[in-house]
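Below: the structure, in structure tokens.
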Amino acid sequence: MMRVAVFGSTGSIGISTLDVLARHPGRFAVAALAASSNYERLLEQCVTHRPPVAVMQDPRSAAKLAAGLKAAGVPTRVHAGNDALVDIASSGEVDTVMAAIVGAAGLPSTLAAARSGKRVLIANKESLVVAGPLLVDAARASGAALVPIDSEHNAVFQCMPGMLETGRQVPGVRRILLTASGGPFLRHSRERMAQATPDEACAHPRWRMGRKISVDSATMMNKGLELIEACVLFGMEPRGVEVVVHPQSIVHSLVEYVDGSILAQLGNPDMRTPIAHALGWPERIPSGVESLDLVAAARLDFEAPDLERFPALVVTRAAAAAGGTVPAVLNAANEVAVSAFLAGRLGFLGIVELIESVVARHANRGATGLDDVLEADRWAREQAGSMLASVATA
Ligand code: NAD
Ligand code: MG
């Protein structure tokens, strides 16, 4: 029995993960559930999946969850705060951690799981962007397996049959081609994007996801973060990773080898496929996803991304090449900008503009130790916050 902790269980990836786990009751046990503050949903999940322990980041929500569990007669223990996540990620009671918290907030628990030799199913791309080399080194030292959940990276992983060592380039690989749906504004002019509302930005044409990653998809910051993620996971230089717009989201990414062969992974756009792949790996297990009807899909289109309308791809590629503390700064500025946009305090085009301004002011520390990246993250949030405040008062 594989004991699985699901961090971010009330979110889009967390819910899909529990759906897959529930299809294999003899194979997986839910060892822990954790979320930020949605105690009603976490209570339902505890009643259904009976984990020994549950964590709410927010103490007040934790108290409400504990009361609800008591009333329902469910013996799940409840903890509050971030330290509890690190303890669970490191505990001998857990074999596998689904890292599906959104944002750099997921870094401490993801890193703890990597340091403790777990199988880490890594959806939390921001932690790979902020502290990629640290996570890879921790996994190497402990023997942890970092299995990508992001659909593109999981596709690449599937197209690298020999790939076992995270962060080392597989011999014979020439290029990685990351596919991008292009998001809801693929055909919008910059003038139209300037008027975009949070609900429009979150109406993704192919995937149902949390609001932060949905906005990232609309700016194409998501693909930029994924470029950095691919360099970290597969030991590639940024120039070896290309972005191709593929509006149907059926080809989830491709790997080109030096002999000219290109391998691709295809399937319906449903995150239960990469989740089941990563849970079962190296075996294949059912995910609940329907067969792809290639005849009904009929065509697969590919086009180059428009860097004028999607400057996020330019700033992220530069950050990937710079390395050091720049990716952490880029990520933190993006998190601040996206929440300001979702709160109606920043226009859509202001997101990438704010990121560019913060990155331009940053003196790269070069290093990627935990203290360096946490300090860079803190600095970038402060900078972005004060720039936002000056925009608001201007
Ligand atoms: P979501 O907003 O739907 O869910 C986020 C989850 O994290 C929630 O359960 C929330 O309670 C929890 N959380 C947030 N902050 C927390 C904290 N400080 N402590 C504990 N829990 C916290 O987001 P999502 O769409 O499920 O995305 C999760 C991660 O997976 C993101 O990093 C995203 O980029 C990545 N991802 C998502 C998808 C997708 O299809 N949704 C695809 C690829 C990658
Ligand atoms: Mg993705």
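Convention: chains lettered A, B, ... in structure tokens order; per-chain residue numbering from 1; ligands numbered from 1 as shown.
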
Near Arg239 of chain A, within 12 Å and counting only C-alpha atoms, which residues show up once chain neighbours fewer than 3 positions away are dropped, as a PyMOL selection string?
chain A and resi 174-177+227-228+230-231+235-236+242-243+317-318+320-321

Write out, as a compact mmCIF listing (two decimals), in the first residue's frame, the residues just selected, with all heavy atoms.
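Produced file again19.txt, reproduced below:
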# COMPACT_ATOMS: atom_id res chain seq x y z
N ARG A 174 17.87 16.56 -28.29
CA ARG A 174 18.26 17.80 -28.95
C ARG A 174 17.42 18.97 -28.45
O ARG A 174 17.93 20.04 -28.16
CB ARG A 174 18.11 17.67 -30.47
CG ARG A 174 18.57 18.89 -31.24
CD ARG A 174 18.19 18.81 -32.71
NE ARG A 174 19.14 18.01 -33.47
CZ ARG A 174 18.86 17.45 -34.64
NH1 ARG A 174 17.65 17.58 -35.16
NH2 ARG A 174 19.75 16.75 -35.30
N ARG A 175 16.11 18.78 -28.35
CA ARG A 175 15.22 19.88 -27.97
C ARG A 175 14.03 19.34 -27.21
O ARG A 175 13.59 18.21 -27.46
CB ARG A 175 14.60 20.52 -29.23
CG ARG A 175 15.40 21.53 -29.95
CD ARG A 175 14.53 22.26 -30.98
NE ARG A 175 13.83 21.35 -31.89
CZ ARG A 175 12.86 21.71 -32.72
NH1 ARG A 175 12.45 22.97 -32.76
NH2 ARG A 175 12.28 20.84 -33.51
N ILE A 176 13.50 20.19 -26.35
CA ILE A 176 12.19 19.92 -25.76
C ILE A 176 11.23 20.94 -26.35
O ILE A 176 11.56 22.14 -26.41
CB ILE A 176 12.25 20.04 -24.22
CG1 ILE A 176 13.01 18.84 -23.63
CG2 ILE A 176 10.86 20.13 -23.62
CD1 ILE A 176 13.20 18.91 -22.13
N LEU A 177 10.09 20.48 -26.79
CA LEU A 177 9.07 21.38 -27.33
C LEU A 177 7.88 21.38 -26.38
O LEU A 177 7.20 20.37 -26.23
CB LEU A 177 8.62 20.90 -28.72
CG LEU A 177 9.73 20.98 -29.77
CD1 LEU A 177 9.54 19.92 -30.84
CD2 LEU A 177 9.74 22.35 -30.40
N LEU A 227 8.97 26.86 -18.82
CA LEU A 227 10.28 26.79 -19.49
C LEU A 227 11.37 26.61 -18.42
O LEU A 227 12.25 25.76 -18.54
CB LEU A 227 10.48 28.06 -20.29
CG LEU A 227 11.71 28.15 -21.19
CD1 LEU A 227 11.38 29.09 -22.34
CD2 LEU A 227 12.95 28.65 -20.51
N ILE A 228 11.28 27.41 -17.36
CA ILE A 228 12.27 27.29 -16.27
C ILE A 228 12.15 25.91 -15.62
O ILE A 228 13.15 25.23 -15.35
CB ILE A 228 12.06 28.43 -15.24
CG1 ILE A 228 12.24 29.80 -15.92
CG2 ILE A 228 13.04 28.26 -14.07
CD1 ILE A 228 11.92 31.00 -15.04
N ALA A 230 11.19 23.16 -16.96
CA ALA A 230 11.75 22.13 -17.86
C ALA A 230 13.27 22.12 -17.78
O ALA A 230 13.89 21.05 -17.76
CB ALA A 230 11.30 22.38 -19.30
N CYS A 231 13.88 23.31 -17.72
CA CYS A 231 15.35 23.37 -17.61
C CYS A 231 15.80 22.68 -16.33
O CYS A 231 16.77 21.93 -16.33
CB CYS A 231 15.82 24.83 -17.62
SG CYS A 231 15.55 25.65 -19.20
N GLY A 235 17.53 19.10 -16.99
CA GLY A 235 18.92 19.49 -17.18
C GLY A 235 19.19 20.15 -18.51
O GLY A 235 20.24 19.95 -19.11
N MET A 236 18.24 20.96 -18.99
CA MET A 236 18.39 21.60 -20.30
C MET A 236 18.84 23.06 -20.15
O MET A 236 18.54 23.72 -19.16
CB MET A 236 17.05 21.60 -21.06
CG MET A 236 16.50 20.23 -21.36
SD MET A 236 17.48 19.29 -22.55
CE MET A 236 17.10 20.15 -24.08
N GLU A 242 11.82 24.97 -26.44
CA GLU A 242 11.02 25.87 -27.28
C GLU A 242 9.54 25.78 -26.91
O GLU A 242 9.08 24.73 -26.46
CB GLU A 242 11.17 25.49 -28.76
CG GLU A 242 12.44 26.05 -29.35
CD GLU A 242 12.67 25.60 -30.77
OE1 GLU A 242 11.68 25.53 -31.54
OE2 GLU A 242 13.83 25.29 -31.08
N VAL A 243 8.84 26.87 -27.16
CA VAL A 243 7.39 26.92 -26.90
C VAL A 243 6.67 26.92 -28.24
O VAL A 243 7.01 27.71 -29.13
CB VAL A 243 7.02 28.16 -26.07
CG1 VAL A 243 5.51 28.32 -25.96
CG2 VAL A 243 7.67 28.10 -24.69
N ARG A 317 12.29 33.82 -20.33
CA ARG A 317 13.45 33.19 -20.97
C ARG A 317 14.74 33.87 -20.49
O ARG A 317 15.74 33.20 -20.20
CB ARG A 317 13.33 33.25 -22.50
CG ARG A 317 14.37 32.44 -23.23
CD ARG A 317 14.11 32.37 -24.72
NE ARG A 317 13.11 31.38 -25.11
CZ ARG A 317 13.33 30.06 -25.16
NH1 ARG A 317 14.50 29.57 -24.84
NH2 ARG A 317 12.36 29.24 -25.51
N ALA A 318 14.69 35.20 -20.36
CA ALA A 318 15.86 35.92 -19.85
C ALA A 318 16.15 35.50 -18.40
O ALA A 318 17.30 35.33 -18.02
CB ALA A 318 15.62 37.43 -19.95
N ALA A 320 15.43 32.62 -17.06
CA ALA A 320 15.97 31.26 -17.09
C ALA A 320 17.45 31.30 -17.41
O ALA A 320 18.26 30.59 -16.80
CB ALA A 320 15.23 30.42 -18.14
N ALA A 321 17.85 32.16 -18.34
CA ALA A 321 19.26 32.25 -18.73
C ALA A 321 20.09 32.88 -17.61
O ALA A 321 21.23 32.47 -17.37
CB ALA A 321 19.39 33.07 -20.02

Distance limit 12 Å, reference ligand 2, atoms considered: only C-alpha atoms and all ligand atoms. Which residues make the cut? Give them as a PyMOL selection string.
chain A and resi 13+122-126+148-156+178-183+206-209+213-214+216-217+220-230+243+249+251-253+269-271+274

Picked from segment 237-331 of chain A by DSSP as strand (DSSP E), as a tab-separated table (two decimals) with N, CA, C and O atoms, in the first residue's frame:
chain	number	residue	atom	x	y	z
A	241	VAL	N	14.91	24.58	-25.08
A	241	VAL	CA	13.48	24.42	-24.79
A	241	VAL	C	12.69	25.44	-25.59
A	241	VAL	O	12.91	26.65	-25.46
A	242	GLU	N	11.82	24.97	-26.44
A	242	GLU	CA	11.02	25.87	-27.28
A	242	GLU	C	9.54	25.78	-26.91
A	242	GLU	O	9.08	24.73	-26.46
A	243	VAL	N	8.84	26.87	-27.16
A	243	VAL	CA	7.39	26.92	-26.90
A	243	VAL	C	6.67	26.92	-28.24
A	243	VAL	O	7.01	27.71	-29.13
A	244	VAL	N	5.69	26.04	-28.38
A	244	VAL	CA	4.89	25.96	-29.61
A	244	VAL	C	3.42	26.09	-29.21
A	244	VAL	O	2.96	25.37	-28.33
A	245	VAL	N	2.71	27.01	-29.84
A	245	VAL	CA	1.29	27.15	-29.54
A	245	VAL	C	0.52	26.05	-30.26
A	245	VAL	O	0.71	25.80	-31.45
A	251	VAL	N	-1.69	17.36	-27.92
A	251	VAL	CA	-0.27	16.99	-27.78
A	251	VAL	C	0.24	17.76	-26.57
A	251	VAL	O	0.27	18.99	-26.57
A	252	HIS	N	0.65	17.02	-25.53
A	252	HIS	CA	0.97	17.72	-24.27
A	252	HIS	C	2.41	18.20	-24.19
A	252	HIS	O	2.72	19.00	-23.31
A	253	SER	N	3.27	17.71	-25.04
A	253	SER	CA	4.63	18.21	-25.28
A	253	SER	C	5.40	17.16	-26.06
A	253	SER	O	4.89	16.05	-26.26
A	254	LEU	N	6.62	17.55	-26.53
A	254	LEU	CA	7.39	16.67	-27.40
A	254	LEU	C	8.88	16.74	-27.05
A	254	LEU	O	9.35	17.76	-26.55
A	255	VAL	N	9.58	15.66	-27.38
A	255	VAL	CA	11.04	15.63	-27.21
A	255	VAL	C	11.66	15.25	-28.54
A	255	VAL	O	11.27	14.24	-29.14
A	256	GLU	N	12.62	16.06	-28.98
A	256	GLU	CA	13.33	15.75	-30.21
A	256	GLU	C	14.71	15.19	-29.88
A	256	GLU	O	15.42	15.75	-29.03
A	257	TYR	N	15.07	14.10	-30.54
A	257	TYR	CA	16.39	13.48	-30.35
A	257	TYR	C	17.32	13.87	-31.50
A	257	TYR	O	16.87	14.34	-32.55
A	262	ILE	N	11.07	12.66	-33.21
A	262	ILE	CA	10.33	13.45	-32.22
A	262	ILE	C	9.30	12.55	-31.57
A	262	ILE	O	8.48	11.94	-32.27
A	263	LEU	N	9.34	12.45	-30.24
A	263	LEU	CA	8.33	11.68	-29.52
A	263	LEU	C	7.38	12.67	-28.85
A	263	LEU	O	7.81	13.68	-28.31
A	264	ALA	N	6.08	12.32	-28.90
A	264	ALA	CA	5.08	13.20	-28.28
A	264	ALA	C	4.18	12.37	-27.39
A	264	ALA	O	4.06	11.15	-27.57
A	265	GLN	N	3.56	13.01	-26.42
A	265	GLN	CA	2.52	12.33	-25.62
A	265	GLN	C	1.21	13.04	-25.90
A	265	GLN	O	1.13	14.27	-25.85
A	266	LEU	N	0.17	12.25	-26.22
A	266	LEU	CA	-1.14	12.80	-26.57
A	266	LEU	C	-2.18	12.28	-25.60
A	266	LEU	O	-2.04	11.19	-25.04

Secondary structure check, helix (DSSP H, G or I) residues of segment 107-209 of chain A, as an MDAnalysis selection string:
chainID A and resid 107:115 125:142 151:158 190:194 198:202

Hey, which of A:Leu33, A:Gly81, A:Val74, A:Arg27 ends up closest to Val47 of chain A? Count only C-alpha atoms.
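Selected residue with least distance to Val47 of chain A: A:Val74.
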
Pick from A:Arg60, A:Arg168, A:His79, A:Arg23 nearest to Arg140 of chain A, counting only C-alpha atoms
A:Arg168
